[in-house]
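Coordinates from data_17.cif are shown below (mmCIF, C-alpha atoms).
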```cif
data_model
#
loop_
_atom_site.label_atom_id
_atom_site.label_comp_id
_atom_site.auth_asym_id
_atom_site.auth_seq_id
_atom_site.Cartn_x
_atom_site.Cartn_y
_atom_site.Cartn_z
CA MET A 189 105.47 35.86 -41.15
CA ARG A 190 107.65 33.19 -39.58
CA THR A 191 111.05 32.88 -41.24
CA TYR A 192 113.39 29.94 -40.68
CA SER A 193 117.21 29.98 -40.83
CA SER A 194 116.95 27.50 -43.71
CA GLY A 195 115.35 30.27 -45.76
CA GLY A 196 111.83 28.88 -45.62
CA SER A 197 108.92 30.89 -44.29
CA ARG A 198 105.31 30.46 -43.18
CA THR A 199 102.45 32.89 -43.25
CA LEU A 200 100.93 33.03 -39.78
CA SER A 201 97.21 32.53 -39.29
CA SER A 202 97.48 34.35 -35.96
CA CYS A 203 100.10 36.31 -34.05
CA ASP A 204 99.31 37.92 -30.72
CA VAL A 205 101.61 39.65 -28.26
CA GLU A 206 100.66 38.64 -24.72
CA ARG A 207 101.97 39.95 -21.42
CA TRP A 208 103.93 36.68 -21.06
CA GLY A 209 105.26 36.57 -24.64
CA LEU A 210 104.10 35.80 -28.18
CA ARG A 211 101.38 33.42 -29.37
CA ILE A 212 101.60 32.30 -33.00
CA GLU A 213 99.83 29.76 -35.17
CA HIS A 214 100.32 28.66 -38.75
CA PRO A 215 98.85 25.92 -40.94
CA THR A 216 100.84 22.75 -41.69
CA PRO A 217 99.46 21.65 -45.08
CA GLU A 218 102.36 19.25 -45.74
CA ASP A 219 101.71 17.29 -42.53
CA PRO A 220 99.17 14.50 -43.02
CA PHE A 221 98.38 14.32 -39.30
CA SER A 222 98.30 17.91 -38.12
CA ASP A 223 96.30 20.89 -39.26
CA ALA A 224 98.35 23.62 -37.58
CA GLU A 225 101.33 24.32 -35.35
CA VAL A 226 100.68 26.45 -32.27
CA THR A 227 103.68 28.04 -30.59
CA TRP A 228 104.06 30.24 -27.54
CA LEU A 229 107.34 32.11 -27.02
CA MET A 230 107.97 32.88 -23.36
CA PRO A 231 111.19 34.96 -23.26
CA GLU A 232 111.27 35.41 -19.49
CA LEU A 233 111.34 31.63 -19.07
CA GLY A 234 113.65 31.03 -22.05
CA VAL A 235 111.25 28.52 -23.62
CA ARG A 236 109.16 27.91 -26.69
CA LEU A 237 106.06 25.76 -26.13
CA THR A 238 104.76 23.96 -29.22
CA THR A 239 101.90 21.64 -30.03
CA TYR A 240 100.32 20.43 -33.24
CA ARG A 241 96.57 20.58 -33.75
CA ALA A 242 95.38 17.23 -35.17
CA ARG A 243 93.52 17.16 -38.49
CA SER A 244 90.96 14.75 -37.11
CA ARG A 245 89.11 15.46 -33.89
CA HIS A 246 89.36 11.73 -33.16
CA ALA A 247 93.15 11.65 -33.46
CA ARG A 248 95.29 11.36 -30.39
CA SER A 249 97.39 14.47 -29.85
CA GLY A 250 101.15 14.22 -29.59
CA PRO A 251 103.15 15.59 -26.70
CA SER A 252 103.66 19.29 -26.20
CA VAL A 253 107.30 20.25 -26.54
CA LEU A 254 109.08 22.83 -24.40
CA SER A 255 112.30 23.90 -26.13
CA ALA A 256 115.09 26.00 -24.66
CA VAL A 257 115.47 29.17 -26.74
CA ARG A 258 117.11 32.55 -26.63
CA VAL A 259 114.65 35.29 -27.62
CA GLU A 260 115.59 38.72 -28.89
CA ARG A 261 112.85 41.19 -29.72
CA ASP A 262 112.09 44.74 -30.62
CA HIS A 263 108.81 46.52 -31.31
CA ARG A 264 108.29 44.68 -34.66
CA HIS A 265 110.38 41.50 -34.69
CA TRP A 266 110.93 38.49 -32.48
CA GLN A 267 114.00 36.38 -33.18
CA THR A 268 114.65 33.04 -31.52
CA THR A 269 117.75 30.91 -31.38
CA ASP A 270 116.92 27.25 -30.81
CA LEU A 271 119.27 25.89 -28.14
CA LEU A 272 118.67 22.31 -29.35
CA LEU A 273 117.46 20.81 -26.07
CA GLY A 274 113.94 20.42 -24.79
CA LEU A 275 111.27 18.44 -23.00
CA ALA A 276 108.43 16.37 -24.41
CA VAL A 277 105.44 16.70 -22.11
CA PRO A 278 102.86 14.07 -23.12
CA GLY A 279 100.30 14.92 -20.43
CA GLY A 280 99.34 12.44 -17.76
CA THR A 281 102.87 11.05 -17.64
CA THR A 282 106.42 12.16 -16.91
CA ALA A 283 108.11 14.75 -19.11
CA ARG A 284 111.30 13.56 -20.78
CA ILE A 285 114.36 15.32 -22.19
CA VAL A 286 114.44 15.32 -26.01
CA ARG A 287 116.99 16.18 -28.69
CA SER A 288 119.94 15.40 -26.40
CA GLU A 289 121.92 13.73 -29.23
CA GLU A 290 121.48 16.78 -31.47
CA PHE A 291 122.46 19.02 -28.56
CA ALA A 292 125.58 16.96 -27.79
CA ALA A 293 126.65 16.97 -31.44
CA ALA A 294 126.19 20.76 -31.65
CA VAL A 295 128.27 21.28 -28.49
CA ALA A 296 130.99 18.87 -29.65
CA GLY A 297 131.08 20.48 -33.10
CA ARG A 298 131.18 23.96 -31.57
CA VAL A 299 128.02 24.90 -33.46
CA LEU A 300 126.40 25.89 -30.16
CA ARG A 301 128.33 28.46 -28.12
CA PRO A 302 129.30 27.43 -24.56
CA GLY A 303 127.05 30.15 -23.06
CA ASP A 304 124.07 28.96 -25.09
CA ALA A 305 124.77 25.32 -24.17
CA ASP A 306 124.90 26.27 -20.49
CA GLN A 307 121.66 28.25 -20.83
CA ALA A 308 119.95 25.28 -22.52
CA LEU A 309 120.99 22.86 -19.76
CA ARG A 310 119.93 25.25 -16.99
CA THR A 311 116.60 26.03 -18.66
CA VAL A 312 115.66 22.41 -19.36
CA HIS A 313 116.65 21.14 -15.92
CA ARG A 314 114.92 24.04 -14.12
CA THR A 315 111.78 23.48 -16.19
CA LEU A 316 111.85 19.72 -15.61
CA GLU A 317 112.13 20.31 -11.85
CA GLU A 318 109.25 22.81 -11.92
CA LEU A 319 107.11 20.38 -13.96
CA SER A 320 107.83 17.56 -11.53
CA ASN A 321 106.64 19.81 -8.68
CA VAL A 322 103.23 20.06 -10.40
CA ASN A 323 103.01 16.37 -11.44
CA HIS A 324 104.09 17.15 -15.03
CA ASN A 325 100.89 19.09 -15.67
CA LEU A 326 101.53 21.88 -18.19
CA THR A 327 98.42 23.84 -17.23
CA SER A 328 99.53 23.89 -13.59
CA TRP A 329 103.07 24.83 -14.60
CA LEU A 330 101.79 27.72 -16.72
CA THR A 331 99.52 28.88 -13.90
CA TRP A 332 102.45 28.72 -11.47
CA HIS A 333 104.18 31.20 -13.82
CA GLY A 334 101.12 33.48 -13.92
CA ILE A 335 99.96 32.34 -17.37
CA TYR A 336 96.25 31.54 -17.14
CA ASP A 337 95.55 30.87 -20.82
CA ALA A 338 94.38 27.37 -21.74
CA TRP A 339 96.93 24.85 -22.99
CA PRO A 340 96.65 23.19 -25.36
CA PRO A 341 94.74 25.96 -27.10
CA LEU A 342 91.45 25.07 -28.74
#
```

Render the structure in this file as structure tokens.
Amino acid sequence: MRTYSSGGSRTLSSCDVERWGLRIEHPTPEDPFSDAEVTWLMPELGVRLTTYRARSRHARSGPSVLSAVRVERDHRHWQTTDLLLGLAVPGGTTARIVRSEEFAAAVAGRVLRPGDADQALRTVHRTLEELSNVNHNLTSWLTWHGIYDAWPPL
């Protein structure tokens, strides 16, 4: 079960603990364009990688999104704190920073703690630099981190 801070929840169609983190998937019935959301939590890297599986096999897929997160886990639960800054990685073109306005508002409003804001900036800039070293190719970036699973997942 995936539970959101807003109180909403989603039943997961799959949830697998991997050596690099957690792989989850859940359906998105309210979304007219996507069939499911696929998310990988990678606590050692401080990121959540998300993509949406298109309903139509002929549809063009949107960018994958790498979000800075803080992950806390025990033997049964994984809890993430979204640090409100990330990268859209469209594939075949340069990654770009996303959600910067939301991040700035959260910092200015003291909704995001200074330590979390610093972690978000460090994580996003480190990840952007690493992606640029592999020509913004997510598969190469994952491989560079020892993650050999296919992205985007089938």

Residue IDs satisfying the PyMOL selection byres ((chain A and resi 326) around 9), as a list in words: Ser252, Val277, Gly279, Leu319, Val322, Asn323, His324, Asn325, Thr327, Ser328, Trp329, Leu330, Thr331, Trp339 and Pro340 of chain A

I'd like the residues picked by the PyMOL selection byres ((chain A and resi 255) around 8) written out as a PDB file with C-alpha atoms, keeping the file's coordinate frame, using the chain letters and numbers from the file.
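So the final result, stored in expr_3.pdb, reads:
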```pdb
ATOM      1  CA  VAL A 235     111.250  28.520 -23.620  1.00  0.00           C
ATOM      2  CA  ARG A 236     109.160  27.910 -26.690  1.00  0.00           C
ATOM      3  CA  LEU A 237     106.060  25.760 -26.130  1.00  0.00           C
ATOM      4  CA  VAL A 253     107.300  20.250 -26.540  1.00  0.00           C
ATOM      5  CA  LEU A 254     109.080  22.830 -24.400  1.00  0.00           C
ATOM      6  CA  ALA A 256     115.090  26.000 -24.660  1.00  0.00           C
ATOM      7  CA  VAL A 257     115.470  29.170 -26.740  1.00  0.00           C
ATOM      8  CA  ASP A 270     116.920  27.250 -30.810  1.00  0.00           C
ATOM      9  CA  LEU A 271     119.270  25.890 -28.140  1.00  0.00           C
ATOM     10  CA  LEU A 272     118.670  22.310 -29.350  1.00  0.00           C
ATOM     11  CA  LEU A 273     117.460  20.810 -26.070  1.00  0.00           C
ATOM     12  CA  GLY A 274     113.940  20.420 -24.790  1.00  0.00           C
ATOM     13  CA  LEU A 275     111.270  18.440 -23.000  1.00  0.00           C
ATOM     14  CA  VAL A 312     115.660  22.410 -19.360  1.00  0.00           C
TER      15      VAL A 312
END
```

Nearest candidate to Ser320 (chain A) (options A:Asp219, A:Asp262, A:Thr281, A:Val295; using all atoms listed in the file): A:Thr281

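The residue that comes closest to Pro231 (chain A), out of A:Asn321, A:Ser193, A:Gln267, A:Ser288 and on the basis of only C-alpha atoms, is A:Gln267.
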
d(CA of Arg245 (chain A), CA of His214 (chain A)) in Å: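 Distance reported for this atom pair: 18.0 Å.
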
Answer as a PyMOL selection string, residues within 8 Å of (113.0, 13.9, -21.2) using only C-alpha atoms: chain A and resi 274-276+283-286

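Of the listed residues A:Glu232, A:His265, A:Thr239, A:Val226, the one whose atoms come nearest to Met189 (chain A) is A:His265, with distances taken using all atoms listed in the file.
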
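A straight line drawn from CA of Pro341 (chain A) to CA of Thr238 (chain A) is 10.4 Å long.
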
Write out as AutoDock Vina command-line options an axis-aligned box for region 254-265 of chain A: all of its atoms listed in the file, 6 Å added on each side, centre and edge lengths in Å with one decimal.
```
--center_x 112.7 --center_y 34.7 --center_z -29.5 --size_x 20.8 --size_y 35.7 --size_z 22.3
```

Distance in Å - CA of Glu213 (chain A) versus CA of His333 (chain A): 21.8 Å

Arg248 (chain A) surroundings by only C-alpha atoms, 12 Å radius, close-in-sequence under 4 positions cut, as a list of chain:residue names: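 Listing them by chain and then by number gives A:Phe221, A:Ser222, A:Tyr240, A:Arg241, A:Ala242, A:Arg243, A:Ser244, A:Pro278, A:Gly279.
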
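Among the candidate residues A:Thr227, A:Ala338, A:Leu309, A:Ser194, the one lying nearest to Arg287 (chain A) is A:Leu309, with distances computed using all atoms listed in the file.
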
Selection under test: the PyMOL selection byres ((chain A and resi 201) around 12); residues as a PyMOL selection string: chain A and resi 189-190+198-200+202-204+211-216+223-227

Pick from A:Gly196, A:Gly209, A:Gly234, A:Thr315 nearest to Thr269 (chain A), counting all atoms listed in the file: A:Gly234
